[in-house]
file model38.csv (CSV, N, CA and C atoms)
chain,number,residue,atom,x,y,z
A,887,MET,N,0.8,-1.2,0.0
A,887,MET,CA,0.0,0.0,0.0
A,887,MET,C,0.9,1.2,0.0
A,888,GLU,N,0.7,2.1,-1.0
A,888,GLU,CA,1.5,3.3,-1.1
A,888,GLU,C,0.7,4.6,-0.9
A,889,LYS,N,1.4,5.6,-0.3
A,889,LYS,CA,0.8,6.9,-0.3
A,889,LYS,C,-0.6,7.0,0.3
A,890,LEU,N,-0.9,6.4,1.4
A,890,LEU,CA,-2.2,6.4,2.0
A,890,LEU,C,-2.4,7.5,3.0
A,891,GLU,N,-1.5,8.4,3.2
A,891,GLU,CA,-1.6,9.5,4.2
A,891,GLU,C,-2.8,10.4,3.9
A,892,TYR,N,-3.3,10.5,2.7
A,892,TYR,CA,-4.4,11.3,2.4
A,892,TYR,C,-5.8,10.7,2.7
A,893,LEU,N,-5.8,9.4,3.1
A,893,LEU,CA,-7.1,8.7,3.3
A,893,LEU,C,-7.5,8.9,4.7
A,894,ASP,N,-8.9,9.0,4.9
A,894,ASP,CA,-9.4,9.1,6.2
A,894,ASP,C,-9.5,7.6,6.8
A,895,LYS,N,-10.0,7.5,8.0
A,895,LYS,CA,-9.9,6.2,8.7
A,895,LYS,C,-10.8,5.1,7.9
A,896,GLU,N,-12.0,5.5,7.5
A,896,GLU,CA,-12.8,4.6,6.8
A,896,GLU,C,-12.2,4.2,5.4
A,897,GLU,N,-11.6,5.1,4.7
A,897,GLU,CA,-11.0,4.8,3.4
A,897,GLU,C,-9.7,3.9,3.7
A,898,MET,N,-9.0,4.2,4.8
A,898,MET,CA,-7.9,3.3,5.1
A,898,MET,C,-8.3,1.9,5.3
A,899,GLU,N,-9.4,1.7,6.0
A,899,GLU,CA,-9.9,0.3,6.3
A,899,GLU,C,-10.3,-0.4,5.0
A,900,LEU,N,-10.9,0.4,4.1
A,900,LEU,CA,-11.3,-0.2,2.8
A,900,LEU,C,-10.1,-0.6,2.0
A,901,ALA,N,-9.1,0.3,2.0
A,901,ALA,CA,-7.8,0.0,1.2
A,901,ALA,C,-7.1,-1.2,1.8
A,902,LYS,N,-7.1,-1.4,3.1
A,902,LYS,CA,-6.5,-2.6,3.7
A,902,LYS,C,-7.3,-3.8,3.4
A,903,SER,N,-8.6,-3.7,3.4
A,903,SER,CA,-9.4,-4.9,3.0
A,903,SER,C,-9.2,-5.3,1.6
A,904,LEU,N,-9.0,-4.3,0.7
A,904,LEU,CA,-8.6,-4.7,-0.7
A,904,LEU,C,-7.3,-5.4,-0.8
A,905,ASP,N,-6.3,-4.9,0.0
A,905,ASP,CA,-5.0,-5.6,0.0
A,905,ASP,C,-5.1,-7.0,0.6
A,906,ARG,N,-6.0,-7.2,1.5
A,906,ARG,CA,-6.2,-8.6,2.1
A,906,ARG,C,-7.0,-9.5,1.2
A,907,GLU,N,-7.6,-8.9,0.1
A,907,GLU,CA,-8.5,-9.6,-0.8
A,907,GLU,C,-9.7,-10.1,-0.1
A,908,ASP,N,-10.3,-9.3,0.8
A,908,ASP,CA,-11.5,-9.6,1.5
A,908,ASP,C,-12.8,-9.5,0.6
A,909,TRP,N,-12.6,-8.9,-0.6
A,909,TRP,CA,-13.8,-8.7,-1.4
A,909,TRP,C,-13.9,-9.8,-2.5
A,910,ILE,N,-15.1,-10.2,-2.7
A,910,ILE,CA,-15.4,-11.3,-3.7
A,910,ILE,C,-16.3,-10.7,-4.8
A,911,SER,N,-15.9,-10.9,-6.0
A,911,SER,CA,-16.7,-10.4,-7.1
A,911,SER,C,-18.0,-11.2,-7.3
A,912,ASP,N,-19.1,-10.5,-7.7
A,912,ASP,CA,-20.3,-11.2,-8.0
A,912,ASP,C,-20.6,-11.2,-9.5
A,913,LEU,N,-19.5,-10.8,-10.3
A,913,LEU,CA,-19.7,-10.7,-11.7
A,913,LEU,C,-19.6,-12.1,-12.3
A,914,THR,N,-20.3,-12.3,-13.4
A,914,THR,CA,-20.1,-13.6,-14.2
A,914,THR,C,-18.8,-13.5,-14.9
A,915,LYS,N,-18.3,-14.6,-15.4
A,915,LYS,CA,-17.0,-14.6,-16.2
A,915,LYS,C,-17.2,-13.7,-17.4
A,916,GLU,N,-18.3,-13.7,-18.1
A,916,GLU,CA,-18.6,-12.9,-19.2
A,916,GLU,C,-18.6,-11.4,-18.9
A,917,GLU,N,-19.2,-11.1,-17.8
A,917,GLU,CA,-19.2,-9.7,-17.4
A,917,GLU,C,-17.8,-9.2,-17.0
A,918,LYS,N,-17.1,-10.0,-16.3
A,918,LYS,CA,-15.8,-9.7,-15.9
A,918,LYS,C,-14.9,-9.5,-17.1
A,919,ARG,N,-15.0,-10.4,-18.1
A,919,ARG,CA,-14.2,-10.2,-19.3
A,919,ARG,C,-14.5,-8.9,-20.1
A,920,LYS,N,-15.8,-8.6,-20.1
A,920,LYS,CA,-16.3,-7.4,-20.8
A,920,LYS,C,-15.7,-6.2,-20.1
A,921,TYR,N,-15.8,-6.1,-18.8
A,921,TYR,CA,-15.3,-4.9,-18.1
A,921,TYR,C,-13.7,-4.8,-18.1
A,922,GLU,N,-13.1,-6.0,-18.1
A,922,GLU,CA,-11.6,-5.9,-18.3
A,922,GLU,C,-11.3,-5.4,-19.7
A,923,GLU,N,-12.0,-5.8,-20.7
A,923,GLU,CA,-11.8,-5.2,-22.0
A,923,GLU,C,-12.0,-3.7,-22.1
A,924,TYR,N,-13.1,-3.3,-21.4
A,924,TYR,CA,-13.4,-1.8,-21.4
A,924,TYR,C,-12.2,-1.1,-20.7
A,925,ALA,N,-11.7,-1.6,-19.6
A,925,ALA,CA,-10.6,-1.0,-18.8
A,925,ALA,C,-9.4,-1.0,-19.6
A,926,ARG,N,-9.1,-2.1,-20.3
A,926,ARG,CA,-7.8,-2.2,-21.1
A,926,ARG,C,-7.9,-1.1,-22.2
A,927,TYR,N,-9.1,-1.0,-22.9
A,927,TYR,CA,-9.2,0.0,-23.9
A,927,TYR,C,-9.1,1.4,-23.4
A,928,SER,N,-9.8,1.7,-22.3
A,928,SER,CA,-9.7,3.1,-21.8
A,928,SER,C,-8.4,3.5,-21.3
A,929,LEU,N,-7.6,2.5,-20.7
A,929,LEU,CA,-6.3,2.8,-20.2
A,929,LEU,C,-5.2,2.9,-21.3
A,930,SER,N,-5.5,2.3,-22.4
A,930,SER,CA,-4.5,2.3,-23.5
A,930,SER,C,-4.7,3.4,-24.5
A,931,LYS,N,-5.9,4.1,-24.4
A,931,LYS,CA,-6.1,5.2,-25.4
A,931,LYS,C,-5.1,6.3,-25.3
A,932,ARG,N,-4.7,6.8,-26.4
A,932,ARG,CA,-3.8,7.9,-26.4
A,932,ARG,C,-4.6,9.1,-26.8
A,933,LYS,N,-4.3,10.2,-26.2
A,933,LYS,CA,-4.9,11.5,-26.5
A,933,LYS,C,-3.9,12.4,-27.1
A,934,ARG,N,-4.4,13.2,-28.1
A,934,ARG,CA,-3.5,14.2,-28.7
A,934,ARG,C,-3.7,15.5,-27.9
A,935,ILE,N,-2.6,16.2,-27.6
A,935,ILE,CA,-2.6,17.5,-27.0
A,935,ILE,C,-1.8,18.5,-27.8
A,936,ASN,N,-2.1,19.7,-27.6
A,936,ASN,CA,-1.2,20.8,-28.1
A,936,ASN,C,-0.6,21.5,-27.0
A,937,ILE,N,0.7,21.8,-27.1
A,937,ILE,CA,1.4,22.5,-26.0
A,937,ILE,C,2.2,23.6,-26.6
A,938,ARG,N,2.3,24.7,-26.0
A,938,ARG,CA,3.1,25.8,-26.4
A,938,ARG,C,4.4,25.8,-25.6
A,939,MET,N,5.5,25.9,-26.3
A,939,MET,CA,6.8,26.1,-25.6
A,939,MET,C,7.7,26.9,-26.5
A,940,SER,N,8.7,27.4,-25.9
A,940,SER,CA,9.7,28.2,-26.6
A,940,SER,C,10.3,27.3,-27.7
A,941,GLU,N,10.7,28.0,-28.7
A,941,GLU,CA,11.4,27.3,-29.8
A,941,GLU,C,12.7,26.7,-29.3
A,942,ARG,N,13.4,27.4,-28.4
A,942,ARG,CA,14.6,27.0,-27.8
A,942,ARG,C,14.5,25.7,-27.1
A,943,ASP,N,13.4,25.6,-26.2
A,943,ASP,CA,13.1,24.4,-25.5
A,943,ASP,C,12.8,23.2,-26.4
A,944,LEU,N,12.0,23.5,-27.5
A,944,LEU,CA,11.7,22.4,-28.4
A,944,LEU,C,12.9,21.9,-29.1
A,945,LYS,N,13.8,22.8,-29.5
A,945,LYS,CA,15.1,22.4,-30.2
A,945,LYS,C,15.9,21.5,-29.3
A,946,LYS,N,16.0,21.9,-28.0
A,946,LYS,CA,16.8,21.1,-27.0
A,946,LYS,C,16.2,19.7,-26.8
A,947,ILE,N,14.8,19.7,-26.7
A,947,ILE,CA,14.2,18.4,-26.6
A,947,ILE,C,14.4,17.5,-27.8
A,948,GLN,N,14.3,18.1,-29.0
A,948,GLN,CA,14.5,17.3,-30.2
A,948,GLN,C,16.0,16.8,-30.3
A,949,ALA,N,16.9,17.6,-29.8
A,949,ALA,CA,18.3,17.2,-29.8
A,949,ALA,C,18.5,16.0,-28.8
A,950,LYS,N,17.9,16.1,-27.6
A,950,LYS,CA,18.0,15.0,-26.7
A,950,LYS,C,17.4,13.8,-27.2
A,951,ALA,N,16.2,13.9,-27.9
A,951,ALA,CA,15.6,12.8,-28.4
A,951,ALA,C,16.4,12.1,-29.5
A,952,ILE,N,17.1,12.9,-30.3
A,952,ILE,CA,18.0,12.3,-31.3
A,952,ILE,C,19.1,11.5,-30.6
A,953,GLU,N,19.7,12.1,-29.5
A,953,GLU,CA,20.7,11.4,-28.8
A,953,GLU,C,20.2,10.1,-28.2
A,954,GLU,N,19.0,10.1,-27.8
A,954,GLU,CA,18.4,8.8,-27.2
A,954,GLU,C,17.9,7.9,-28.3
A,955,GLY,N,17.8,8.4,-29.5
A,955,GLY,CA,17.3,7.6,-30.7
A,955,GLY,C,15.8,7.3,-30.6
A,956,ILE,N,15.0,8.3,-30.1
A,956,ILE,CA,13.6,8.1,-30.1
A,956,ILE,C,12.9,9.4,-30.6
A,957,PRO,N,11.7,9.3,-31.0
A,957,PRO,CA,11.0,10.6,-31.5
A,957,PRO,C,10.8,11.5,-30.3
A,958,TYR,N,10.9,12.8,-30.6
A,958,TYR,CA,10.8,13.8,-29.5
A,958,TYR,C,9.4,13.8,-28.8
A,959,GLN,N,8.3,13.4,-29.5
A,959,GLN,CA,7.0,13.3,-28.9
A,959,GLN,C,7.1,12.2,-27.8
A,960,SER,N,7.8,11.1,-28.1
A,960,SER,CA,7.9,10.0,-27.2
A,960,SER,C,8.7,10.4,-26.0
A,961,LEU,N,9.7,11.2,-26.2
A,961,LEU,CA,10.5,11.7,-25.0
A,961,LEU,C,9.6,12.5,-24.1
A,962,ILE,N,8.9,13.4,-24.7
A,962,ILE,CA,8.0,14.3,-23.9
A,962,ILE,C,7.0,13.4,-23.1
A,963,SER,N,6.4,12.5,-23.8
A,963,SER,CA,5.4,11.6,-23.2
A,963,SER,C,6.0,10.8,-22.1
A,964,MET,N,7.2,10.3,-22.3
A,964,MET,CA,7.9,9.5,-21.2
A,964,MET,C,8.2,10.4,-20.0
A,965,LEU,N,8.6,11.6,-20.2
A,965,LEU,CA,8.9,12.6,-19.1
A,965,LEU,C,7.6,12.8,-18.3
A,966,ILE,N,6.5,13.1,-19.0
A,966,ILE,CA,5.2,13.3,-18.3
A,966,ILE,C,4.8,12.1,-17.5
A,967,HIS,N,5.0,10.9,-18.1
A,967,HIS,CA,4.6,9.6,-17.4
A,967,HIS,C,5.5,9.4,-16.2
A,968,LYS,N,6.8,9.6,-16.3
A,968,LYS,CA,7.7,9.5,-15.1
A,968,LYS,C,7.3,10.5,-14.0
A,969,TYR,N,7.0,11.7,-14.4
A,969,TYR,CA,6.6,12.7,-13.4
A,969,TYR,C,5.3,12.2,-12.7
A,970,ASN,N,4.3,11.7,-13.5
A,970,ASN,CA,3.0,11.3,-12.9
A,970,ASN,C,3.2,10.1,-12.0
A,971,GLU,N,4.2,9.2,-12.2
A,971,GLU,CA,4.5,8.1,-11.4
A,971,GLU,C,5.4,8.3,-10.2
A,972,GLY,N,5.8,9.6,-10.1
A,972,GLY,CA,6.6,10.0,-9.0
A,972,GLY,C,8.1,9.6,-9.2
A,973,LYS,N,8.5,9.3,-10.4
A,973,LYS,CA,9.9,8.8,-10.7
A,973,LYS,C,10.7,10.0,-11.1
A,974,LEU,N,10.1,11.2,-11.2
A,974,LEU,CA,10.8,12.4,-11.7
A,974,LEU,C,10.2,13.5,-10.8
A,975,SER,N,11.0,14.3,-10.3
A,975,SER,CA,10.5,15.5,-9.5
A,975,SER,C,11.4,16.7,-9.8
A,976,PHE,N,10.8,17.8,-9.4
A,976,PHE,CA,11.5,19.1,-9.7
A,976,PHE,C,11.9,19.6,-8.3
A,977,ASN,N,13.2,19.9,-8.2
A,977,ASN,CA,13.8,20.5,-7.0
A,977,ASN,C,13.5,22.0,-7.0
A,978,LYS,N,13.1,22.5,-5.9
A,978,LYS,CA,12.8,24.0,-5.9
A,978,LYS,C,13.9,24.7,-5.2
call {"tool": "encode", "arguments": {"input": "model38.csv", "output": "structure tokens"}}
result
Amino acid sequence: MEKLEYLDKEEMELAKSLDREDWISDLTKEEKRKYEEYARYSLSKRKRINIRMSERDLKKIQAKAIEEGIPYQSLISMLIHKYNEGKLSFNK
């Protein structure tokens, strides 16, 4: 269980019960398969975004991407993903 400091007492108990696998699904195999497919589809969807940045920053990112041998859009996406997962932080 990670980062549970923001949970209240009731939410903490629910989280612990999930970790202990106290919950039993009442879904049929077909329903479960259908919902797993929905989840897989929604989690794998890619969204297009537009972002404004200085030309200087874009050129630097493109140069770094060339060094890494990946497209610069992939590098930007990877950096955002790492930040969201807590694997990248900004020192103030």
call {"tool": "atom_distance", "arguments": {"input": "model38.csv", "atom1": "atom C of A:Ser911", "atom2": "atom N of A:Met898"}}
result
21.6 Å
call {"tool": "atom_distance", "arguments": {"input": "model38.csv", "atom1": "atom CA of A:Asp905", "atom2": "atom C of A:Leu974"}}
result
26.7 Å
call {"tool": "residues_around", "arguments": {"input": "model38.csv", "residues": "A:Gln948", "least_positions_apart": "4", "cutoff": "8 Å", "atoms": "all atoms listed in the file", "output": "PyMOL selection string"}}
result
chain A and resi 942-944+952-954+957-959
call {"tool": "select_by_dssp", "arguments": {"input": "model38.csv", "residues": "chain A", "states": "alpha helix (DSSP H)", "output": "JSON, numbers by chain"}}
result
{"A": [895, 896, 897, 898, 899, 900, 901, 902, 903, 904, 905, 915, 916, 917, 918, 919, 920, 921, 922, 923, 924, 925, 926, 927, 928, 929, 930, 941, 942, 943, 944, 945, 946, 947, 948, 949, 950, 951, 952, 953, 954, 958, 959, 960, 961, 962, 963, 964, 965, 966, 967, 968, 969, 970]}
call {"tool": "atom_distance", "arguments": {"input": "model38.csv", "atom1": "atom CA of A:Glu896", "atom2": "atom C of A:Asp908"}}
result
15.4 Å
call {"tool": "residues_around", "arguments": {"input": "model38.csv", "residues": "stretch 961-973 of chain A", "least_positions_apart": "5", "cutoff": "8 Å", "atoms": "only N, CA and C atoms", "output": "VMD selection string"}}
result
chain A and resid 947 950 to 951 956
call {"tool": "decode", "arguments": {"input": "model38.csv", "residues": "stretch 937-962 of chain A", "atoms": "N, CA, C and O atoms", "output": "JSON list (two decimals), in the first residue's frame"}}
result
[["chain", "number", "residue", "atom", "x", "y", "z"],
["A", 937, "ILE", "N", 0.66, 21.81, -27.10],
["A", 937, "ILE", "CA", 1.38, 22.48, -26.03],
["A", 937, "ILE", "C", 2.23, 23.59, -26.64],
["A", 937, "ILE", "O", 2.82, 23.41, -27.71],
["A", 938, "ARG", "N", 2.26, 24.70, -25.97],
["A", 938, "ARG", "CA", 3.08, 25.81, -26.43],
["A", 938, "ARG", "C", 4.35, 25.84, -25.60],
["A", 938, "ARG", "O", 4.31, 25.72, -24.38],
["A", 939, "MET", "N", 5.47, 25.95, -26.28],
["A", 939, "MET", "CA", 6.76, 26.07, -25.60],
["A", 939, "MET", "C", 7.68, 26.92, -26.46],
["A", 939, "MET", "O", 7.42, 27.11, -27.65],
["A", 940, "SER", "N", 8.72, 27.37, -25.86],
["A", 940, "SER", "CA", 9.66, 28.19, -26.62],
["A", 940, "SER", "C", 10.35, 27.33, -27.68],
["A", 940, "SER", "O", 10.52, 26.12, -27.51],
["A", 941, "GLU", "N", 10.72, 27.97, -28.75],
["A", 941, "GLU", "CA", 11.41, 27.26, -29.82],
["A", 941, "GLU", "C", 12.73, 26.69, -29.30],
["A", 941, "GLU", "O", 13.14, 25.59, -29.66],
["A", 942, "ARG", "N", 13.37, 27.44, -28.43],
["A", 942, "ARG", "CA", 14.65, 26.99, -27.84],
["A", 942, "ARG", "C", 14.46, 25.67, -27.08],
["A", 942, "ARG", "O", 15.25, 24.74, -27.24],
["A", 943, "ASP", "N", 13.40, 25.60, -26.24],
["A", 943, "ASP", "CA", 13.15, 24.37, -25.50],
["A", 943, "ASP", "C", 12.84, 23.21, -26.43],
["A", 943, "ASP", "O", 13.30, 22.09, -26.23],
["A", 944, "LEU", "N", 12.03, 23.47, -27.46],
["A", 944, "LEU", "CA", 11.70, 22.42, -28.42],
["A", 944, "LEU", "C", 12.95, 21.90, -29.11],
["A", 944, "LEU", "O", 13.13, 20.68, -29.24],
["A", 945, "LYS", "N", 13.82, 22.78, -29.52],
["A", 945, "LYS", "CA", 15.06, 22.36, -30.20],
["A", 945, "LYS", "C", 15.92, 21.50, -29.27],
["A", 945, "LYS", "O", 16.49, 20.50, -29.68],
["A", 946, "LYS", "N", 15.99, 21.89, -27.99],
["A", 946, "LYS", "CA", 16.77, 21.10, -27.03],
["A", 946, "LYS", "C", 16.16, 19.72, -26.83],
["A", 946, "LYS", "O", 16.88, 18.72, -26.77],
["A", 947, "ILE", "N", 14.84, 19.66, -26.73],
["A", 947, "ILE", "CA", 14.17, 18.37, -26.57],
["A", 947, "ILE", "C", 14.40, 17.51, -27.80],
["A", 947, "ILE", "O", 14.68, 16.31, -27.69],
["A", 948, "GLN", "N", 14.29, 18.10, -28.97],
["A", 948, "GLN", "CA", 14.52, 17.34, -30.20],
["A", 948, "GLN", "C", 15.95, 16.82, -30.26],
["A", 948, "GLN", "O", 16.18, 15.67, -30.68],
["A", 949, "ALA", "N", 16.91, 17.62, -29.83],
["A", 949, "ALA", "CA", 18.31, 17.18, -29.82],
["A", 949, "ALA", "C", 18.51, 16.02, -28.84],
["A", 949, "ALA", "O", 19.17, 15.03, -29.16],
["A", 950, "LYS", "N", 17.91, 16.14, -27.65],
["A", 950, "LYS", "CA", 18.01, 15.05, -26.66],
["A", 950, "LYS", "C", 17.38, 13.77, -27.20],
["A", 950, "LYS", "O", 17.90, 12.67, -27.01],
["A", 951, "ALA", "N", 16.24, 13.92, -27.88],
["A", 951, "ALA", "CA", 15.56, 12.75, -28.44],
["A", 951, "ALA", "C", 16.43, 12.08, -29.49],
["A", 951, "ALA", "O", 16.50, 10.85, -29.55],
["A", 952, "ILE", "N", 17.11, 12.87, -30.31],
["A", 952, "ILE", "CA", 18.02, 12.31, -31.32],
["A", 952, "ILE", "C", 19.14, 11.53, -30.63],
["A", 952, "ILE", "O", 19.48, 10.42, -31.04],
["A", 953, "GLU", "N", 19.68, 12.10, -29.54],
["A", 953, "GLU", "CA", 20.73, 11.41, -28.78],
["A", 953, "GLU", "C", 20.23, 10.06, -28.24],
["A", 953, "GLU", "O", 20.98, 9.08, -28.22],
["A", 954, "GLU", "N", 18.96, 10.05, -27.80],
["A", 954, "GLU", "CA", 18.38, 8.83, -27.25],
["A", 954, "GLU", "C", 17.88, 7.87, -28.34],
["A", 954, "GLU", "O", 17.57, 6.72, -28.06],
["A", 955, "GLY", "N", 17.76, 8.38, -29.55],
["A", 955, "GLY", "CA", 17.29, 7.55, -30.65],
["A", 955, "GLY", "C", 15.80, 7.31, -30.63],
["A", 955, "GLY", "O", 15.33, 6.26, -31.08],
["A", 956, "ILE", "N", 15.03, 8.28, -30.11],
["A", 956, "ILE", "CA", 13.57, 8.15, -30.06],
["A", 956, "ILE", "C", 12.93, 9.42, -30.60],
["A", 956, "ILE", "O", 13.56, 10.48, -30.61],
["A", 957, "PRO", "N", 11.67, 9.35, -31.04],
["A", 957, "PRO", "CA", 10.98, 10.56, -31.48],
["A", 957, "PRO", "C", 10.80, 11.53, -30.30],
["A", 957, "PRO", "O", 10.63, 11.11, -29.16],
["A", 958, "TYR", "N", 10.85, 12.83, -30.59],
["A", 958, "TYR", "CA", 10.78, 13.80, -29.50],
["A", 958, "TYR", "C", 9.43, 13.76, -28.78],
["A", 958, "TYR", "O", 9.35, 14.00, -27.58],
["A", 959, "GLN", "N", 8.33, 13.42, -29.52],
["A", 959, "GLN", "CA", 7.03, 13.30, -28.87],
["A", 959, "GLN", "C", 7.06, 12.18, -27.84],
["A", 959, "GLN", "O", 6.47, 12.29, -26.76],
["A", 960, "SER", "N", 7.75, 11.09, -28.15],
["A", 960, "SER", "CA", 7.87, 9.97, -27.21],
["A", 960, "SER", "C", 8.66, 10.37, -25.98],
["A", 960, "SER", "O", 8.34, 9.97, -24.86],
["A", 961, "LEU", "N", 9.69, 11.18, -26.17],
["A", 961, "LEU", "CA", 10.48, 11.67, -25.04],
["A", 961, "LEU", "C", 9.63, 12.53, -24.12],
["A", 961, "LEU", "O", 9.64, 12.36, -22.90],
["A", 962, "ILE", "N", 8.86, 13.44, -24.70],
["A", 962, "ILE", "CA", 7.98, 14.29, -23.89],
["A", 962, "ILE", "C", 6.95, 13.44, -23.14],
["A", 962, "ILE", "O", 6.72, 13.62, -21.94]]
